[in-house]
Amino acid sequence: MKIADRSIGPDHRPYIIAEMSGNHNQSLERALEIVDAAAANGADAIKLQTYTADTMTLDVRMPGFVIEDPNSLWAGRQLHELYQEAHTPWDWHAPIMARAAERGLHCFSSPFDATAVDFLESLGVAAYKIASFEIVDLPLIRKAAATGKPMIMSTGMATAAEIEEAVEAARGAGCRDLMLLKCTSTYPAKAENTNILTIPHMRAMFGCEVGLSDHTMGSGVAVAAVALGATLIEKHFTLARADGGVDSTFSMEPDELKRLCEDVENARLALGRVSYGPTQAELKSLAFRRSLYIAVDVMAGDVLDATSVRAVRPGFGLAPKHLDAVLGRRVSRDAQAGTPVSWDLLA
């Protein structure tokens, strides 16, 4: 898969998306600072969300339109009010994308309805991201897919059948570059609920690249996901969690993003290939294995015993496995302590 000029796959470093979401706290200046921080700390892309409160929900306080879960980060908040606070004003998109381009970042977005797709097309975005909650919105998926742009779809909460429907909708509408993201739609998510063993299964089932949309804290889950084949990591990103905001609690800070980028690339490099025996880098270390050495001065004709032969470092003598074959043999010439045992030393 490729987004703009960047190839994504097992032979490339993991593609890192810094999700701005509502962490701009309704300040364009802060949004631009987030772009700068994402670029400075290793991200490949900054991602926005394109909606308005009115395209997301109704401005009512009827049951279901207020978050009633007492354990939610947004308990008691009216949906319309929450989306009004979190949304990225549409007239900010162009300056944010321009700043991203200046900093060498891709910038694209999650559209939440057809008008958002049309708007993003007018800005020439390189790709589309379908949020987990929208994976069942097949008309939206078809609308985005019909642009022919690469698509990334999060799969939080989705059954295998729902993912299959979404994939078929995307491919049927013209999407050729498709990636799925394993995702757990809780905020923050716990490691034990992420089930990242699904990643290789999902890759095999749907025949596409698979990444991770990660709502856990830290980089441990992302590292494990890359070890299982994830080629893209998405993390919510903010300048400082202490600044507050609708998503700040489960967002990464700049130094954490930098560490994440380093950790997941090291995880990918560590996978390597199936390999036995010394690597090129290990060849010099063979000298520090144990081998058989003359431990005390001996004269020609002396019989070698456990006192006169020992397995010690370095590794320039016969391997220790030959000790039984060496004991009881006579030496063919004088040898001082520290002489490596070799077959031609034996009579």
# chains A, B, ... in the order shown; residues from 1 in each chain; ligands from 1
$ closest_atom_pairs --of "range 222-323 of chain A" --to "range 18-42 of chain A" --cutoff "9 Å" --atoms "only C-alpha atoms" --output "JSON lines"
{"residue": "A:Ile233", "atom": "CA", "partner": "A:Ala18", "partner_atom": "CA", "distance": 8.7}
{"residue": "A:Glu234", "atom": "CA", "partner": "A:Ala18", "partner_atom": "CA", "distance": 6.1}
{"residue": "A:Lys235", "atom": "CA", "partner": "A:Ala18", "partner_atom": "CA", "distance": 5.4}
{"residue": "A:His236", "atom": "CA", "partner": "A:Glu19", "partner_atom": "CA", "distance": 4.3}
{"residue": "A:Phe237", "atom": "CA", "partner": "A:Ala18", "partner_atom": "CA", "distance": 5.4}
{"residue": "A:Thr238", "atom": "CA", "partner": "A:Asn23", "partner_atom": "CA", "distance": 5.8}
{"residue": "A:Leu239", "atom": "CA", "partner": "A:Ile34", "partner_atom": "CA", "distance": 6.2}
{"residue": "A:Asp243", "atom": "CA", "partner": "A:Asn25", "partner_atom": "CA", "distance": 8.8}
{"residue": "A:Gly244", "atom": "CA", "partner": "A:Asn23", "partner_atom": "CA", "distance": 8.0}
{"residue": "A:Gly245", "atom": "CA", "partner": "A:Asn23", "partner_atom": "CA", "distance": 5.7}
{"residue": "A:Val246", "atom": "CA", "partner": "A:Gly22", "partner_atom": "CA", "distance": 6.1}
{"residue": "A:Asp247", "atom": "CA", "partner": "A:Asn23", "partner_atom": "CA", "distance": 6.2}
{"residue": "A:Ser248", "atom": "CA", "partner": "A:Asn23", "partner_atom": "CA", "distance": 6.3}
{"residue": "A:Ser251", "atom": "CA", "partner": "A:Asn23", "partner_atom": "CA", "distance": 8.5}
{"residue": "A:Met252", "atom": "CA", "partner": "A:Ala18", "partner_atom": "CA", "distance": 8.7}
{"residue": "A:Pro254", "atom": "CA", "partner": "A:Ala37", "partner_atom": "CA", "distance": 6.2}
{"residue": "A:Asp255", "atom": "CA", "partner": "A:Asn41", "partner_atom": "CA", "distance": 7.1}
{"residue": "A:Glu256", "atom": "CA", "partner": "A:Asn41", "partner_atom": "CA", "distance": 8.7}
{"residue": "A:Leu257", "atom": "CA", "partner": "A:Asn41", "partner_atom": "CA", "distance": 6.2}
{"residue": "A:Lys258", "atom": "CA", "partner": "A:Asn41", "partner_atom": "CA", "distance": 4.6}
{"residue": "A:Arg259", "atom": "CA", "partner": "A:Asn41", "partner_atom": "CA", "distance": 8.4}
{"residue": "A:Leu260", "atom": "CA", "partner": "A:Gly42", "partner_atom": "CA", "distance": 8.8}
{"residue": "A:Cys261", "atom": "CA", "partner": "A:Gly42", "partner_atom": "CA", "distance": 6.1}
{"residue": "A:Glu262", "atom": "CA", "partner": "A:Gly42", "partner_atom": "CA", "distance": 8.3}
$ write_last_selection --atoms "C-alpha atoms" --output "tab-separated table (two decimals), in the first residue's frame"
chain	number	residue	atom	x	y	z
A	233	ILE	CA	0.30	2.69	14.12
A	234	GLU	CA	-2.19	5.43	14.90
A	235	LYS	CA	-2.08	7.25	18.24
A	236	HIS	CA	-3.97	10.26	19.57
A	237	PHE	CA	-1.49	13.08	20.05
A	238	THR	CA	-1.38	16.24	22.13
A	239	LEU	CA	1.17	18.77	23.29
A	243	ASP	CA	-3.61	21.01	29.03
A	244	GLY	CA	-6.88	19.10	29.03
A	245	GLY	CA	-9.30	18.59	26.17
A	246	VAL	CA	-11.78	15.96	25.07
A	247	ASP	CA	-9.12	13.38	24.10
A	248	SER	CA	-6.14	14.46	26.17
A	251	SER	CA	-3.19	10.96	24.00
A	252	MET	CA	0.58	10.75	23.60
A	254	PRO	CA	5.77	14.63	22.06
A	255	ASP	CA	8.53	12.76	23.89
A	256	GLU	CA	6.32	9.66	24.04
A	257	LEU	CA	5.66	9.87	20.30
A	258	LYS	CA	9.39	10.04	19.61
A	259	ARG	CA	9.97	6.97	21.77
A	260	LEU	CA	7.09	5.14	20.07
A	261	CYS	CA	8.56	5.79	16.62
A	262	GLU	CA	11.93	4.44	17.73
$ residues_around --residues "range 212-224 of chain A" --least-positions-apart "4" --cutoff "7 Å" --atoms "only C-alpha atoms" --output "ChimeraX atom specification"
/A:154,181-183,187-191,228,230,232-235,250,260,263-264,267
$ residues_around --residues "Phe288 in chain A" --least-positions-apart "2" --cutoff "8 Å" --atoms "only C-alpha atoms" --output "PDB file with all heavy atoms, in the first residue's frame"
ATOM      1  N   SER A 285      32.593 -12.267  18.118  1.00  0.00           N
ATOM      2  CA  SER A 285      32.279 -12.764  19.453  1.00  0.00           C
ATOM      3  C   SER A 285      32.586 -14.249  19.615  1.00  0.00           C
ATOM      4  O   SER A 285      32.655 -14.750  20.745  1.00  0.00           O
ATOM      5  CB  SER A 285      30.807 -12.503  19.783  1.00  0.00           C
ATOM      6  OG  SER A 285      30.551 -11.115  19.843  1.00  0.00           O
ATOM      7  N   LEU A 286      32.789 -14.974  18.510  1.00  0.00           N
ATOM      8  CA  LEU A 286      33.135 -16.397  18.618  1.00  0.00           C
ATOM      9  C   LEU A 286      34.426 -16.588  19.407  1.00  0.00           C
ATOM     10  O   LEU A 286      34.628 -17.627  20.044  1.00  0.00           O
ATOM     11  CB  LEU A 286      33.292 -17.001  17.216  1.00  0.00           C
ATOM     12  CG  LEU A 286      32.009 -17.162  16.391  1.00  0.00           C
ATOM     13  CD1 LEU A 286      32.357 -17.630  14.981  1.00  0.00           C
ATOM     14  CD2 LEU A 286      31.049 -18.136  17.066  1.00  0.00           C
ATOM     15  N   ARG A 290      34.304 -20.727  25.089  1.00  0.00           N
ATOM     16  CA  ARG A 290      35.306 -21.585  25.725  1.00  0.00           C
ATOM     17  C   ARG A 290      35.896 -22.554  24.697  1.00  0.00           C
ATOM     18  O   ARG A 290      35.219 -22.961  23.759  1.00  0.00           O
ATOM     19  CB  ARG A 290      34.692 -22.391  26.877  1.00  0.00           C
ATOM     20  CG  ARG A 290      34.372 -21.556  28.115  1.00  0.00           C
ATOM     21  CD  ARG A 290      33.757 -22.413  29.197  1.00  0.00           C
ATOM     22  NE  ARG A 290      33.412 -21.597  30.349  1.00  0.00           N
ATOM     23  CZ  ARG A 290      34.198 -21.407  31.398  1.00  0.00           C
ATOM     24  NH1 ARG A 290      35.382 -22.010  31.444  1.00  0.00           N
ATOM     25  NH2 ARG A 290      33.816 -20.652  32.400  1.00  0.00           N
ATOM     26  N   ARG A 313      38.054 -19.603  28.270  1.00  0.00           N
ATOM     27  CA  ARG A 313      38.050 -18.605  27.206  1.00  0.00           C
ATOM     28  C   ARG A 313      39.480 -18.136  26.970  1.00  0.00           C
ATOM     29  O   ARG A 313      40.252 -18.095  27.916  1.00  0.00           O
ATOM     30  CB  ARG A 313      37.174 -17.415  27.599  1.00  0.00           C
ATOM     31  CG  ARG A 313      35.695 -17.761  27.757  1.00  0.00           C
ATOM     32  CD  ARG A 313      34.892 -16.513  28.063  1.00  0.00           C
ATOM     33  NE  ARG A 313      33.494 -16.842  28.247  1.00  0.00           N
ATOM     34  CZ  ARG A 313      32.520 -15.927  28.403  1.00  0.00           C
ATOM     35  NH1 ARG A 313      32.850 -14.635  28.401  1.00  0.00           N
ATOM     36  NH2 ARG A 313      31.284 -16.304  28.558  1.00  0.00           N
ATOM     37  N   PRO A 314      39.870 -17.796  25.724  1.00  0.00           N
ATOM     38  CA  PRO A 314      39.109 -17.597  24.493  1.00  0.00           C
ATOM     39  C   PRO A 314      38.838 -18.886  23.728  1.00  0.00           C
ATOM     40  O   PRO A 314      39.086 -19.982  24.239  1.00  0.00           O
ATOM     41  CB  PRO A 314      40.012 -16.664  23.686  1.00  0.00           C
ATOM     42  CG  PRO A 314      41.391 -17.068  24.089  1.00  0.00           C
ATOM     43  CD  PRO A 314      41.287 -17.406  25.551  1.00  0.00           C
ATOM     44  N   GLY A 315      38.378 -18.742  22.484  1.00  0.00           N
ATOM     45  CA  GLY A 315      37.857 -19.882  21.744  1.00  0.00           C
ATOM     46  C   GLY A 315      38.709 -20.349  20.590  1.00  0.00           C
ATOM     47  O   GLY A 315      38.169 -20.793  19.575  1.00  0.00           O
TER      48      GLY A 315
END
$ select_by_dssp --residues "range 99-184 of chain A" --states "strand (DSSP E or B)" --output "PDB file with all heavy atoms, in the first residue's frame"
ATOM      1  N   HIS A 106       2.222  13.984   5.787  1.00  0.00           N
ATOM      2  CA  HIS A 106       0.942  13.829   5.125  1.00  0.00           C
ATOM      3  C   HIS A 106      -0.141  14.332   6.080  1.00  0.00           C
ATOM      4  O   HIS A 106       0.007  14.227   7.298  1.00  0.00           O
ATOM      5  CB  HIS A 106       0.671  12.365   4.788  1.00  0.00           C
ATOM      6  CG  HIS A 106       1.680  11.768   3.869  1.00  0.00           C
ATOM      7  ND1 HIS A 106       2.053  10.445   3.931  1.00  0.00           N
ATOM      8  CD2 HIS A 106       2.408  12.314   2.863  1.00  0.00           C
ATOM      9  CE1 HIS A 106       2.957  10.200   3.002  1.00  0.00           C
ATOM     10  NE2 HIS A 106       3.197  11.320   2.338  1.00  0.00           N
ATOM     11  N   CYS A 107      -1.199  14.860   5.530  1.00  0.00           N
ATOM     12  CA  CYS A 107      -2.336  15.268   6.357  1.00  0.00           C
ATOM     13  C   CYS A 107      -3.606  14.826   5.652  1.00  0.00           C
ATOM     14  O   CYS A 107      -3.847  15.198   4.503  1.00  0.00           O
ATOM     15  CB  CYS A 107      -2.350  16.781   6.578  1.00  0.00           C
ATOM     16  SG  CYS A 107      -3.678  17.337   7.681  1.00  0.00           S
ATOM     17  N   PHE A 108      -4.370  13.982   6.323  1.00  0.00           N
ATOM     18  CA  PHE A 108      -5.662  13.568   5.797  1.00  0.00           C
ATOM     19  C   PHE A 108      -6.642  13.483   6.948  1.00  0.00           C
ATOM     20  O   PHE A 108      -6.345  13.947   8.050  1.00  0.00           O
ATOM     21  CB  PHE A 108      -5.564  12.264   4.989  1.00  0.00           C
ATOM     22  CG  PHE A 108      -4.839  11.147   5.685  1.00  0.00           C
ATOM     23  CD1 PHE A 108      -5.529  10.226   6.447  1.00  0.00           C
ATOM     24  CD2 PHE A 108      -3.465  11.007   5.553  1.00  0.00           C
ATOM     25  CE1 PHE A 108      -4.867   9.177   7.079  1.00  0.00           C
ATOM     26  CE2 PHE A 108      -2.797   9.966   6.169  1.00  0.00           C
ATOM     27  CZ  PHE A 108      -3.507   9.051   6.938  1.00  0.00           C
ATOM     28  N   SER A 109      -7.814  12.943   6.707  1.00  0.00           N
ATOM     29  CA  SER A 109      -8.863  13.095   7.706  1.00  0.00           C
ATOM     30  C   SER A 109      -9.831  11.918   7.683  1.00  0.00           C
ATOM     31  O   SER A 109      -9.866  11.137   6.728  1.00  0.00           O
ATOM     32  CB  SER A 109      -9.637  14.395   7.452  1.00  0.00           C
ATOM     33  OG  SER A 109     -10.557  14.650   8.499  1.00  0.00           O
ATOM     34  N   SER A 110     -10.616  11.852   8.739  1.00  0.00           N
ATOM     35  CA  SER A 110     -11.758  10.944   8.806  1.00  0.00           C
ATOM     36  C   SER A 110     -13.012  11.738   8.483  1.00  0.00           C
ATOM     37  O   SER A 110     -13.413  12.603   9.256  1.00  0.00           O
ATOM     38  CB  SER A 110     -11.899  10.341  10.212  1.00  0.00           C
ATOM     39  OG  SER A 110     -10.836   9.495  10.518  1.00  0.00           O
ATOM     40  N   PRO A 111     -13.644  11.471   7.335  1.00  0.00           N
ATOM     41  CA  PRO A 111     -14.914  12.116   7.048  1.00  0.00           C
ATOM     42  C   PRO A 111     -16.041  11.366   7.763  1.00  0.00           C
ATOM     43  O   PRO A 111     -15.976  10.152   7.916  1.00  0.00           O
ATOM     44  CB  PRO A 111     -15.038  11.970   5.535  1.00  0.00           C
ATOM     45  CG  PRO A 111     -14.332  10.681   5.238  1.00  0.00           C
ATOM     46  CD  PRO A 111     -13.210  10.569   6.247  1.00  0.00           C
ATOM     47  N   TYR A 128      -8.038   8.549   2.908  1.00  0.00           N
ATOM     48  CA  TYR A 128      -9.193   8.677   3.805  1.00  0.00           C
ATOM     49  C   TYR A 128      -9.097   7.654   4.924  1.00  0.00           C
ATOM     50  O   TYR A 128      -8.629   6.527   4.721  1.00  0.00           O
ATOM     51  CB  TYR A 128     -10.502   8.472   3.041  1.00  0.00           C
ATOM     52  CG  TYR A 128     -10.871   9.647   2.181  1.00  0.00           C
ATOM     53  CD1 TYR A 128     -10.539   9.672   0.823  1.00  0.00           C
ATOM     54  CD2 TYR A 128     -11.512  10.757   2.724  1.00  0.00           C
ATOM     55  CE1 TYR A 128     -10.850  10.757   0.037  1.00  0.00           C
ATOM     56  CE2 TYR A 128     -11.832  11.853   1.944  1.00  0.00           C
ATOM     57  CZ  TYR A 128     -11.492  11.853   0.601  1.00  0.00           C
ATOM     58  OH  TYR A 128     -11.799  12.944  -0.169  1.00  0.00           O
ATOM     59  N   LYS A 129      -9.544   8.055   6.081  1.00  0.00           N
ATOM     60  CA  LYS A 129      -9.621   7.142   7.226  1.00  0.00           C
ATOM     61  C   LYS A 129     -11.088   7.035   7.638  1.00  0.00           C
ATOM     62  O   LYS A 129     -11.757   8.045   7.876  1.00  0.00           O
ATOM     63  CB  LYS A 129      -8.790   7.702   8.391  1.00  0.00           C
ATOM     64  CG  LYS A 129      -9.108   7.137   9.773  1.00  0.00           C
ATOM     65  CD  LYS A 129      -8.607   5.717   9.949  1.00  0.00           C
ATOM     66  CE  LYS A 129      -9.100   5.102  11.259  1.00  0.00           C
ATOM     67  NZ  LYS A 129      -8.690   5.787  12.471  1.00  0.00           N
ATOM     68  N   ILE A 130     -11.589   5.821   7.737  1.00  0.00           N
ATOM     69  CA  ILE A 130     -12.944   5.566   8.219  1.00  0.00           C
ATOM     70  C   ILE A 130     -12.839   5.163   9.688  1.00  0.00           C
ATOM     71  O   ILE A 130     -12.147   4.206  10.026  1.00  0.00           O
ATOM     72  CB  ILE A 130     -13.641   4.465   7.405  1.00  0.00           C
ATOM     73  CG1 ILE A 130     -13.715   4.854   5.927  1.00  0.00           C
ATOM     74  CG2 ILE A 130     -15.030   4.180   7.968  1.00  0.00           C
ATOM     75  CD1 ILE A 130     -14.515   6.098   5.638  1.00  0.00           C
ATOM     76  N   MET A 151      -7.488   3.964   1.389  1.00  0.00           N
ATOM     77  CA  MET A 151      -8.410   4.022   2.518  1.00  0.00           C
ATOM     78  C   MET A 151      -7.888   3.191   3.679  1.00  0.00           C
ATOM     79  O   MET A 151      -7.360   2.093   3.494  1.00  0.00           O
ATOM     80  CB  MET A 151      -9.801   3.513   2.122  1.00  0.00           C
ATOM     81  CG  MET A 151     -10.571   4.465   1.237  1.00  0.00           C
ATOM     82  SD  MET A 151     -12.228   3.838   0.868  1.00  0.00           S
ATOM     83  CE  MET A 151     -12.966   3.848   2.501  1.00  0.00           C
ATOM     84  N   ILE A 152      -8.064   3.740   4.866  1.00  0.00           N
ATOM     85  CA  ILE A 152      -7.716   3.058   6.115  1.00  0.00           C
ATOM     86  C   ILE A 152      -9.004   2.957   6.921  1.00  0.00           C
ATOM     87  O   ILE A 152      -9.680   3.974   7.133  1.00  0.00           O
ATOM     88  CB  ILE A 152      -6.664   3.862   6.895  1.00  0.00           C
ATOM     89  CG1 ILE A 152      -5.400   4.061   6.053  1.00  0.00           C
ATOM     90  CG2 ILE A 152      -6.320   3.177   8.208  1.00  0.00           C
ATOM     91  CD1 ILE A 152      -4.484   5.145   6.578  1.00  0.00           C
ATOM     92  N   MET A 153      -9.344   1.757   7.355  1.00  0.00           N
ATOM     93  CA  MET A 153     -10.594   1.580   8.099  1.00  0.00           C
ATOM     94  C   MET A 153     -10.311   0.956   9.461  1.00  0.00           C
ATOM     95  O   MET A 153      -9.730  -0.126   9.546  1.00  0.00           O
ATOM     96  CB  MET A 153     -11.585   0.710   7.319  1.00  0.00           C
ATOM     97  CG  MET A 153     -12.041   1.339   6.014  1.00  0.00           C
ATOM     98  SD  MET A 153     -13.555   0.598   5.326  1.00  0.00           S
ATOM     99  CE  MET A 153     -12.996  -1.064   4.954  1.00  0.00           C
ATOM    100  N   SER A 154     -10.749   1.624  10.518  1.00  0.00           N
ATOM    101  CA  SER A 154     -10.645   1.059  11.863  1.00  0.00           C
ATOM    102  C   SER A 154     -11.787   0.088  12.098  1.00  0.00           C
ATOM    103  O   SER A 154     -12.910   0.292  11.615  1.00  0.00           O
ATOM    104  CB  SER A 154     -10.692   2.168  12.920  1.00  0.00           C
ATOM    105  OG  SER A 154      -9.432   2.756  13.095  1.00  0.00           O
ATOM    106  N   LEU A 178      -6.152  -0.586   0.336  1.00  0.00           N
ATOM    107  CA  LEU A 178      -6.985  -0.658   1.534  1.00  0.00           C
ATOM    108  C   LEU A 178      -6.179  -1.215   2.698  1.00  0.00           C
ATOM    109  O   LEU A 178      -5.435  -2.184   2.548  1.00  0.00           O
ATOM    110  CB  LEU A 178      -8.200  -1.568   1.282  1.00  0.00           C
ATOM    111  CG  LEU A 178      -9.147  -1.789   2.459  1.00  0.00           C
ATOM    112  CD1 LEU A 178      -9.860  -0.499   2.833  1.00  0.00           C
ATOM    113  CD2 LEU A 178     -10.163  -2.882   2.126  1.00  0.00           C
ATOM    114  N   MET A 179      -6.324  -0.582   3.854  1.00  0.00           N
ATOM    115  CA  MET A 179      -5.715  -1.079   5.080  1.00  0.00           C
ATOM    116  C   MET A 179      -6.776  -1.132   6.177  1.00  0.00           C
ATOM    117  O   MET A 179      -7.620  -0.236   6.279  1.00  0.00           O
ATOM    118  CB  MET A 179      -4.559  -0.185   5.530  1.00  0.00           C
ATOM    119  CG  MET A 179      -4.032  -0.536   6.916  1.00  0.00           C
ATOM    120  SD  MET A 179      -2.590   0.429   7.401  1.00  0.00           S
ATOM    121  CE  MET A 179      -1.298  -0.481   6.585  1.00  0.00           C
ATOM    122  N   LEU A 180      -6.713  -2.176   6.982  1.00  0.00           N
ATOM    123  CA  LEU A 180      -7.576  -2.293   8.152  1.00  0.00           C
ATOM    124  C   LEU A 180      -6.756  -2.056   9.406  1.00  0.00           C
ATOM    125  O   LEU A 180      -5.579  -2.420   9.463  1.00  0.00           O
ATOM    126  CB  LEU A 180      -8.218  -3.682   8.214  1.00  0.00           C
ATOM    127  CG  LEU A 180      -9.142  -4.050   7.051  1.00  0.00           C
ATOM    128  CD1 LEU A 180      -9.570  -5.515   7.169  1.00  0.00           C
ATOM    129  CD2 LEU A 180     -10.355  -3.143   6.993  1.00  0.00           C
ATOM    130  N   LEU A 181      -7.371  -1.459  10.404  1.00  0.00           N
ATOM    131  CA  LEU A 181      -6.707  -1.241  11.681  1.00  0.00           C
ATOM    132  C   LEU A 181      -7.416  -2.012  12.767  1.00  0.00           C
ATOM    133  O   LEU A 181      -8.632  -1.852  12.962  1.00  0.00           O
ATOM    134  CB  LEU A 181      -6.693   0.245  12.057  1.00  0.00           C
ATOM    135  CG  LEU A 181      -6.036   1.222  11.083  1.00  0.00           C
ATOM    136  CD1 LEU A 181      -5.988   2.615  11.707  1.00  0.00           C
ATOM    137  CD2 LEU A 181      -4.653   0.762  10.674  1.00  0.00           C
ATOM    138  N   LYS A 182      -6.664  -2.856  13.478  1.00  0.00           N
ATOM    139  CA  LYS A 182      -7.210  -3.442  14.705  1.00  0.00           C
ATOM    140  C   LYS A 182      -7.394  -2.303  15.697  1.00  0.00           C
ATOM    141  O   LYS A 182      -6.525  -1.460  15.859  1.00  0.00           O
ATOM    142  CB  LYS A 182      -6.245  -4.497  15.265  1.00  0.00           C
ATOM    143  CG  LYS A 182      -6.744  -5.160  16.540  1.00  0.00           C
ATOM    144  CD  LYS A 182      -7.925  -6.056  16.251  1.00  0.00           C
ATOM    145  CE  LYS A 182      -8.485  -6.696  17.515  1.00  0.00           C
ATOM    146  NZ  LYS A 182      -9.298  -5.780  18.329  1.00  0.00           N
ATOM    147  N   CYS A 183      -8.520  -2.277  16.349  1.00  0.00           N
ATOM    148  CA  CYS A 183      -8.834  -1.157  17.224  1.00  0.00           C
ATOM    149  C   CYS A 183      -9.731  -1.629  18.357  1.00  0.00           C
ATOM    150  O   CYS A 183     -10.570  -2.514  18.177  1.00  0.00           O
ATOM    151  CB  CYS A 183      -9.531  -0.052  16.427  1.00  0.00           C
ATOM    152  SG  CYS A 183      -9.988   1.396  17.408  1.00  0.00           S
TER     153      CYS A 183
END
$ select_by_dssp --residues "range 34-215 of chain A" --states "helix (DSSP H, G or I)" --output "count of residues only"
77
$ closest_residue --among "A:Leu48, A:Ile135, A:Leu140, A:Ala270" --to "Gly156 in chain A" --atoms "only C-alpha atoms"
A:Ile135
$ closest_residue --among "A:Ala114, A:Ala295, A:Leu73, A:Ala43" --to "Val312 in chain A" --atoms "only C-alpha atoms"
A:Ala295
$ residues_around --residues "His12 in chain A" --least-positions-apart "2" --cutoff "9 Å" --atoms "only C-alpha atoms" --output "list in words"
Ser7, Ile8, Gly9, Pro10, Pro14, Tyr15, Thr231, Glu265 and Arg268 of chain A
